[in-house]
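> Just one file: my_file_10.pdb, with PDB, C-alpha atoms.
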```pdb
ATOM      1  CA  MET A1013    -140.227  46.767-125.664  1.00  0.00           C
ATOM      2  CA  GLY A1014    -143.650  45.770-124.372  1.00  0.00           C
ATOM      3  CA  GLY A1015    -144.760  49.384-124.307  1.00  0.00           C
ATOM      4  CA  LEU A1016    -143.768  49.818-127.935  1.00  0.00           C
ATOM      5  CA  VAL A1017    -145.799  46.766-128.927  1.00  0.00           C
ATOM      6  CA  ALA A1018    -148.728  48.088-126.885  1.00  0.00           C
ATOM      7  CA  GLN A1019    -148.554  51.395-128.747  1.00  0.00           C
ATOM      8  CA  LEU A1020    -148.469  49.686-132.141  1.00  0.00           C
ATOM      9  CA  LEU A1021    -150.989  46.931-131.355  1.00  0.00           C
ATOM     10  CA  PRO A1022    -153.206  47.944-128.419  1.00  0.00           C
ATOM     11  CA  TYR A1023    -155.014  45.054-126.785  1.00  0.00           C
ATOM     12  CA  ILE A1024    -158.012  47.131-125.671  1.00  0.00           C
ATOM     13  CA  ARG A1025    -159.819  49.156-128.329  1.00  0.00           C
ATOM     14  CA  GLU A1026    -163.053  51.063-128.650  1.00  0.00           C
ATOM     15  CA  ASN A1027    -165.844  48.874-130.009  1.00  0.00           C
ATOM     16  CA  PRO A1028    -167.335  50.423-133.183  1.00  0.00           C
ATOM     17  CA  ARG A1029    -170.550  48.419-132.639  1.00  0.00           C
ATOM     18  CA  PHE A1030    -171.167  49.962-129.192  1.00  0.00           C
ATOM     19  CA  GLY A1031    -174.409  51.921-129.183  1.00  0.00           C
ATOM     20  CA  THR A1032    -175.717  50.487-132.428  1.00  0.00           C
ATOM     21  CA  GLU A1033    -175.798  46.805-131.516  1.00  0.00           C
ATOM     22  CA  PRO A1034    -177.646  45.661-128.396  1.00  0.00           C
ATOM     23  CA  GLY A1035    -175.396  43.908-125.937  1.00  0.00           C
ATOM     24  CA  ALA A1036    -172.153  45.202-127.432  1.00  0.00           C
ATOM     25  CA  THR A1037    -169.528  46.227-124.902  1.00  0.00           C
ATOM     26  CA  GLN A1038    -167.852  49.630-124.986  1.00  0.00           C
ATOM     27  CA  ARG A1039    -164.374  48.176-125.417  1.00  0.00           C
ATOM     28  CA  GLU A1040    -162.996  45.053-127.098  1.00  0.00           C
ATOM     29  CA  PHE A1041    -160.172  42.905-125.733  1.00  0.00           C
ATOM     30  CA  HIS A1042    -157.817  41.508-128.389  1.00  0.00           C
ATOM     31  CA  HIS A1043    -156.254  38.314-127.069  1.00  0.00           C
ATOM     32  CA  VAL A1044    -153.647  37.995-129.831  1.00  0.00           C
ATOM     33  CA  ASN A1045    -152.264  41.493-129.222  1.00  0.00           C
ATOM     34  CA  PHE A1046    -152.146  40.851-125.470  1.00  0.00           C
ATOM     35  CA  ALA A1047    -150.323  37.538-125.966  1.00  0.00           C
ATOM     36  CA  LEU A1048    -147.886  39.138-128.406  1.00  0.00           C
ATOM     37  CA  GLN A1049    -147.052  41.846-125.881  1.00  0.00           C
ATOM     38  CA  GLY A1050    -146.406  39.192-123.231  1.00  0.00           C
ATOM     39  CA  VAL A1051    -144.135  37.208-125.550  1.00  0.00           C
ATOM     40  CA  VAL A1052    -142.137  40.330-126.434  1.00  0.00           C
ATOM     41  CA  VAL A1053    -141.693  41.252-122.773  1.00  0.00           C
ATOM     42  CA  TYR A1054    -140.676  37.661-121.939  1.00  0.00           C
ATOM     43  CA  ALA A1055    -138.158  37.560-124.799  1.00  0.00           C
ATOM     44  CA  ALA A1056    -136.673  40.928-123.789  1.00  0.00           C
ATOM     45  CA  VAL A1057    -136.265  39.806-120.169  1.00  0.00           C
ATOM     46  CA  CYS A1058    -134.687  36.508-121.256  1.00  0.00           C
ATOM     47  CA  ALA A1059    -132.280  38.285-123.600  1.00  0.00           C
ATOM     48  CA  ALA A1060    -131.308  40.828-120.943  1.00  0.00           C
ATOM     49  CA  THR A1061    -130.766  38.093-118.350  1.00  0.00           C
ATOM     50  CA  ALA A1062    -128.648  36.027-120.744  1.00  0.00           C
ATOM     51  CA  TRP A1063    -126.571  39.073-121.688  1.00  0.00           C
ATOM     52  CA  TYR A1064    -126.033  39.932-118.017  1.00  0.00           C
ATOM     53  CA  ALA A1065    -125.046  36.353-117.182  1.00  0.00           C
ATOM     54  CA  CYS A1066    -122.555  36.225-120.058  1.00  0.00           C
ATOM     55  CA  ARG A1067    -121.109  39.586-119.097  1.00  0.00           C
ATOM     56  CA  LEU A1068    -120.815  38.575-115.439  1.00  0.00           C
ATOM     57  CA  ARG A1069    -119.123  35.308-116.370  1.00  0.00           C
ATOM     58  CA  GLN A1070    -116.703  37.186-118.627  1.00  0.00           C
ATOM     59  CA  LEU A1071    -115.806  39.594-115.832  1.00  0.00           C
ATOM     60  CA  LEU A1072    -115.266  36.771-113.331  1.00  0.00           C
ATOM     61  CA  GLU A1073    -112.937  34.856-115.689  1.00  0.00           C
ATOM     62  CA  ASP A1074    -110.542  37.802-116.032  1.00  0.00           C
TER      63      ASP A1074
END
```
As structure tokens, how would this structure be written, given the file I've shared?

Amino acid sequence: MGGLVAQLLPYIRENPRFGTEPGATQREFHHVNFALQGVVVYAAVCAATAWYACRLRQLLED
């Protein structure tokens, strides 16, 4: 899930101002895209853990 978000919204991109503007870095870091990737990974892990816990509880009740 996080890899898919990273492919769609990369958090490190080439800086178009590099070379033309003094002091511009070669790459830009996009904080929003990085945070979004972290939230997606967190939500996927939480959902998988909850599903596993429910499934385990269901198997133990039988």
> Would you pick out the contacts of Gly1015 in chain A at 12 Å or less, using only C-alpha atoms, so that residues sharing its chain but fewer than 6 positions from it are not included, and give the list as a list in words?
Leu1021, Pro1022, Tyr1023, Asn1045, Phe1046, Leu1048, Gln1049, Gly1050, Val1052, Val1053 and Ala1056 of chain A
> Go ahead and compute the interatomic distance for CA of Ala1018 in chain A and CA of Ala1065 in chain A, in Å to one decimal.
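Result for CA of Ala1018 in chain A versus CA of Ala1065 in chain A: 28.2 Å, one decimal.
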> Take the PyMOL selection byres ((chain A and resi 1025) around 6), run it mentally on this structure, and tell me the resulting residues as a list in words.
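Expected selection for the PyMOL selection byres ((chain A and resi 1025) around 6) here is Ile1024, Glu1026, Arg1039 and Glu1040 of chain A.
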> Pick from A:Phe1030, A:Thr1037, A:Leu1071, A:Met1013: nearest to Ala1059 in chain A, with all atoms listed in the file counted?
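Checking each of A:Phe1030, A:Thr1037, A:Leu1071, A:Met1013 against Ala1059 in chain A, counting all atoms listed in the file, the winner is A:Met1013.
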> Using all atoms of range 1023-1033 of chain A listed in the file and a margin of 3 Å per side, can you give the axis-aligned box centre and edge lengths in Å to one decimal, as AutoDock Vina command-line options?

```
--center_x -165.4 --center_y 48.5 --center_z -129.4 --size_x 26.8 --size_y 12.9 --size_z 13.5
```
> So what do you get for CA of Val1051 in chain A versus CA of Leu1016 in chain A, distance-wise?
12.8 Å
> Enter the distance from CA of His1042 in chain A to CA of Thr1061 in chain A, in Å, rounded to one decimal.
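Atom-to-atom, CA of His1042 in chain A to CA of Thr1061 in chain A, that is 29.1 Å.
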